[in-house]
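The block underneath contains the structure these notes are about, expressed in structure tokens.
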Amino acid sequence: MNQQITAERPRFKTRTHDQGFDLAIALPGVPRDQVAVTVEKRILTVTGERAGLEGDFKHRDAESVRYELKLNLHEDLDAEDIRATHRDGVIVLTLQKRSELAPRKIDILAN
């Protein structure tokens, strides 16, 4: 059976924190080894592919799907310091502010 692959933009949410922000991207049914996260010229790209079910299934969730999300990274973010985790079909990327822009505590020295 020749399955056509549907291309979709995945759903995502962001959460900000002092050091930067987290980006949670829903890739339902996509195994970790089928996910790619790249950065080129400050464009973050996340792709993943879910294989469809074999047989003559009519439901949309049985189809092959290719997810792709492209986001421009703000210049305040460190494109070299991105961490990724995968759990239950969700990729969470932690993007850090450039170290010189992150909040820091200044110690007060005694005279």
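Following the order of the structure tokens, chains are lettered A, B, ..., residues in each are numbered from 1, and ligands are numbered from 1.
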Could you list, as number ranges by chain, every residue within 10 Å of A:Ala7, counting only C-alpha atoms and ignoring same-chain residues fewer than 4 positions away? A: 49, 64-68
For the residues in the current selection, export C-alpha atoms as a PDB file, in the first residue's frame.
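So result.pdb came out as:
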```
ATOM      1  CA  GLU A  49       7.763  11.576  11.277  1.00  0.00           C
ATOM      2  CA  SER A  64       1.705   8.761   8.146  1.00  0.00           C
ATOM      3  CA  VAL A  65       2.468  12.298   9.312  1.00  0.00           C
ATOM      4  CA  ARG A  66       5.533  14.505   8.938  1.00  0.00           C
ATOM      5  CA  TYR A  67       5.709  17.343  11.450  1.00  0.00           C
ATOM      6  CA  GLU A  68       7.800  20.445  10.844  1.00  0.00           C
TER       7      GLU A  68
END
```
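Those residues that approach stretch 19-24 of chain A to within 7 Å, counting only C-alpha atoms, are A:Phe12, A:Lys13, A:Val90, A:Ile91, A:Val92, A:Leu93, A:Thr94, A:Leu95, A:Gln96, A:Lys97, A:Ala102; same-chain residues fewer than 6 positions away are not listed.
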What's around stretch 73-75 of chain A at 10 Å? Count only C-alpha atoms, leave out sequence neighbours fewer than 6 positions away in its own chain, and write the answer as a JSON list (two decimals) with N, CA and C atoms, in the first residue's frame.
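And here is the file that came out, out.json:
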```
[["chain", "number", "residue", "atom", "x", "y", "z"],
["A", 39, "VAL", "N", 19.62, 23.92, 14.21],
["A", 39, "VAL", "CA", 19.66, 25.38, 14.18],
["A", 39, "VAL", "C", 20.62, 25.78, 13.07],
["A", 40, "GLU", "N", 20.14, 26.62, 12.18],
["A", 40, "GLU", "CA", 20.99, 27.14, 11.12],
["A", 40, "GLU", "C", 20.60, 28.60, 10.87],
["A", 41, "LYS", "N", 21.59, 29.48, 10.97],
["A", 41, "LYS", "CA", 21.36, 30.92, 10.77],
["A", 41, "LYS", "C", 20.21, 31.43, 11.64],
["A", 42, "ARG", "N", 20.22, 31.01, 12.90],
["A", 42, "ARG", "CA", 19.26, 31.43, 13.92],
["A", 42, "ARG", "C", 17.83, 30.98, 13.62],
["A", 43, "ILE", "N", 17.68, 29.97, 12.76],
["A", 43, "ILE", "CA", 16.36, 29.36, 12.53],
["A", 43, "ILE", "C", 16.37, 27.98, 13.17],
["A", 44, "LEU", "N", 15.48, 27.80, 14.16],
["A", 44, "LEU", "CA", 15.32, 26.53, 14.84],
["A", 44, "LEU", "C", 14.32, 25.70, 14.05],
["A", 95, "LEU", "N", 15.78, 26.76, 25.95],
["A", 95, "LEU", "CA", 16.61, 27.75, 25.27],
["A", 95, "LEU", "C", 17.07, 28.77, 26.29],
["A", 97, "LYS", "N", 19.14, 32.27, 27.58],
["A", 97, "LYS", "CA", 19.60, 33.59, 27.17],
["A", 97, "LYS", "C", 21.11, 33.55, 27.05],
["A", 98, "ARG", "N", 21.65, 34.39, 26.19],
["A", 98, "ARG", "CA", 23.11, 34.49, 26.12],
["A", 98, "ARG", "C", 23.61, 34.83, 27.52]]
```
Considering only C-alpha atoms, can you say which of A:Asn72, A:His86, A:Arg104, A:Glu80 comes closest to A:Gln34? A:His86
Using DSSP on the backbone coordinates, identify the residues of chain A assigned to strand (DSSP E); present them as a PyMOL selection string. chain A and resi 6-8+12-17+20-26+35-40+43-50+65-72+77-87+90-97
Go ahead and save the residues from that selection, with C-alpha atoms, as a tab-separated table (two decimals), in the first residue's frame.
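Saved result, result-v6.tsv, follows:
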```
chain	number	residue	atom	x	y	z
A	6	THR	CA	0.63	14.46	5.40
A	7	ALA	CA	2.73	17.48	6.45
A	8	GLU	CA	1.62	19.32	9.58
A	12	PHE	CA	3.53	23.93	20.84
A	13	LYS	CA	3.54	25.98	24.03
A	14	THR	CA	6.18	28.20	25.61
A	15	ARG	CA	7.07	28.94	29.23
A	16	THR	CA	9.44	31.76	30.14
A	17	HIS	CA	11.87	31.77	33.06
A	20	GLY	CA	15.32	31.92	28.89
A	21	PHE	CA	12.32	29.80	27.99
A	22	ASP	CA	11.08	26.27	27.42
A	23	LEU	CA	9.33	25.19	24.25
A	24	ALA	CA	7.09	22.08	24.45
A	25	ILE	CA	6.26	20.60	21.04
A	26	ALA	CA	3.62	17.88	20.64
A	35	VAL	CA	12.88	13.55	15.64
A	36	ALA	CA	15.50	16.04	14.44
A	37	VAL	CA	16.26	19.42	16.02
A	38	THR	CA	18.59	21.75	14.11
A	39	VAL	CA	19.66	25.38	14.18
A	40	GLU	CA	20.99	27.14	11.12
A	43	ILE	CA	16.36	29.36	12.53
A	44	LEU	CA	15.32	26.53	14.84
A	45	THR	CA	13.81	23.59	12.95
A	46	VAL	CA	12.10	20.61	14.56
A	47	THR	CA	10.96	17.73	12.37
A	48	GLY	CA	9.50	14.33	13.14
A	49	GLU	CA	7.76	11.58	11.28
A	50	ARG	CA	5.16	9.08	12.42
A	65	VAL	CA	2.47	12.30	9.31
A	66	ARG	CA	5.53	14.50	8.94
A	67	TYR	CA	5.71	17.34	11.45
A	68	GLU	CA	7.80	20.45	10.84
A	69	LEU	CA	8.17	23.57	12.96
A	70	LYS	CA	10.47	26.47	12.05
A	71	LEU	CA	11.03	29.38	14.42
A	72	ASN	CA	13.35	32.36	14.25
A	77	LEU	CA	19.02	33.52	22.92
A	78	ASP	CA	22.15	31.39	22.81
A	79	ALA	CA	21.80	29.15	19.73
A	80	GLU	CA	24.71	27.05	21.05
A	81	ASP	CA	22.99	26.25	24.38
A	82	ILE	CA	19.77	24.39	23.58
A	83	ARG	CA	18.82	21.25	25.47
A	84	ALA	CA	16.17	18.75	24.32
A	85	THR	CA	14.24	16.01	26.09
A	86	HIS	CA	11.60	13.61	24.74
A	87	ARG	CA	8.81	12.03	26.74
A	90	VAL	CA	6.47	15.69	23.55
A	91	ILE	CA	9.83	17.31	22.84
A	92	VAL	CA	10.83	19.97	25.37
A	93	LEU	CA	13.54	22.38	24.28
A	94	THR	CA	15.20	24.62	26.85
A	95	LEU	CA	16.61	27.75	25.27
A	96	GLN	CA	18.96	29.86	27.35
A	97	LYS	CA	19.60	33.59	27.17
```
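Pairwise distance (atom CA of A:Ile108, atom CA of A:Asp18) equals 21.6 Å.
Between atom CA of A:Pro10 and atom CA of A:Asp76 the separation is 24.5 Å.
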